[in-house]
Amino acid sequence: MACRRTRSGTLRAPSKMRPMSYGQGGPQSQWDPWKPHSQQPWSSGDDDGTPDWAALAEASESRNKRRKLLFIGGGAVATVAIGTAVAMAVVSANSSDNANGTPTNLPASASVPSGSATPSFAPTSAPPPLNPKDFISSAKKDTAPLSADSLFPGTQLTMGDTVYKKGATDDTTKCATAANGTLPKILDANRCTRLIRATYTNGGGIAITVGVAVFDDQAQAAKVKAQAAKKAVVRSLPGKGIGNFCDSAVCLTTTNAVGRYVYFTTGGFLNGKDVTNKDTKVFRVGDDLQQFTFNQIYRRGQSQASAAANR
């Protein structure tokens, strides 16, 4: 018979163990493998109190197997529980978002601007620029200060490579007194309100007087220009270093108009010589003074148009 090692370490022969009752009635107490060792109903009699180690080992092995299965099953249950909890959390989150309308609480798609859309703006157009001529064509709009100094500023002017020295100036409301030939009558008939004159010399023996007649509107000025085409002369104006000229000699005369202004020139030689078609220098001086006068009148319209646009 095989020997077994006891807890004390000595070897001894196994003793007989009373047979155990499994599910049978009777006075005998049943051994329960799940109870602690101290609570087992060990029988007395021939037994020396030593338990049946083979039976205990078998019961322990059976208990370990059962626990392992339960542990694996528990893990499966735990896994399932965790999966269920995650699923419930997802369902709960979706339910919460749906309760608020849309997951991100964005406004309706109709009010969400498209990132690729090009913004559109109502067509606009800038007002047309003001026309300077409108301001110099009527006394109602042409209200800027006007004088001989504003029309003919400074002591000289330069046109191209020629410098013209300014002589005497004159400003009168009695237009006829500053005119010769048929011009006095024409000025009076068309109600000239002012005649401003200035004389320039090129330093080469030629002098020219520029006269600017002022009217209430453009229509009057245009009428005077047409009527003064022949034998209408503005008087030459000597003074300030410039002697008499064009008193009896043949001189160059011109007439032109812009807006409500008609401007005249009378020019010739200071020595009293008659001007002929071959005297290109006199014609050049006349052209320069006409261009300068036109520029001054038109610049007057530009400044008033600019001031009105900025108001």
# chains A, B, ... in the order shown; residues from 1 in each chain; ligands from 1

$ residues_around --residues "region 265-267 of chain A" --least-positions-apart "2" --cutoff "6 Å" --atoms "only C-alpha atoms" --output "list of chain:residue names"
A:Ala207, A:Ile208, A:Thr209, A:Val210, A:Cys251, A:Leu252, A:Thr253, A:Thr254

$ select_by_dssp --residues "region 135-289 of chain A" --states "strand (DSSP E)" --output "ChimeraX atom specification"
/A:156-159,162-172,179-181,194-201,206-214,232-234,252-258,261-269

$ closest_residue --among "A:Gln291, A:Gln220, A:Asn190, A:Asn180" --to "Gly259 (chain A)" --atoms "only C-alpha atoms"
A:Gln220

$ closest_residue --among "A:Thr293, A:Asn310, A:Pro128, A:Val285" --to "Pro153 (chain A)" --atoms "only C-alpha atoms"
A:Thr293

$ closest_residue --among "A:Gly204, A:Gln218, A:Arg235, A:Phe292" --to "Lys141 (chain A)" --atoms "only C-alpha atoms"
A:Gln218

$ residues_around --residues "Thr177 (chain A)" --least-positions-apart "4" --cutoff "10 Å" --atoms "only C-alpha atoms" --output "list in words"
Thr172, Thr173, Leu183, Pro184, Leu195, Val234 and Arg235 of chain A
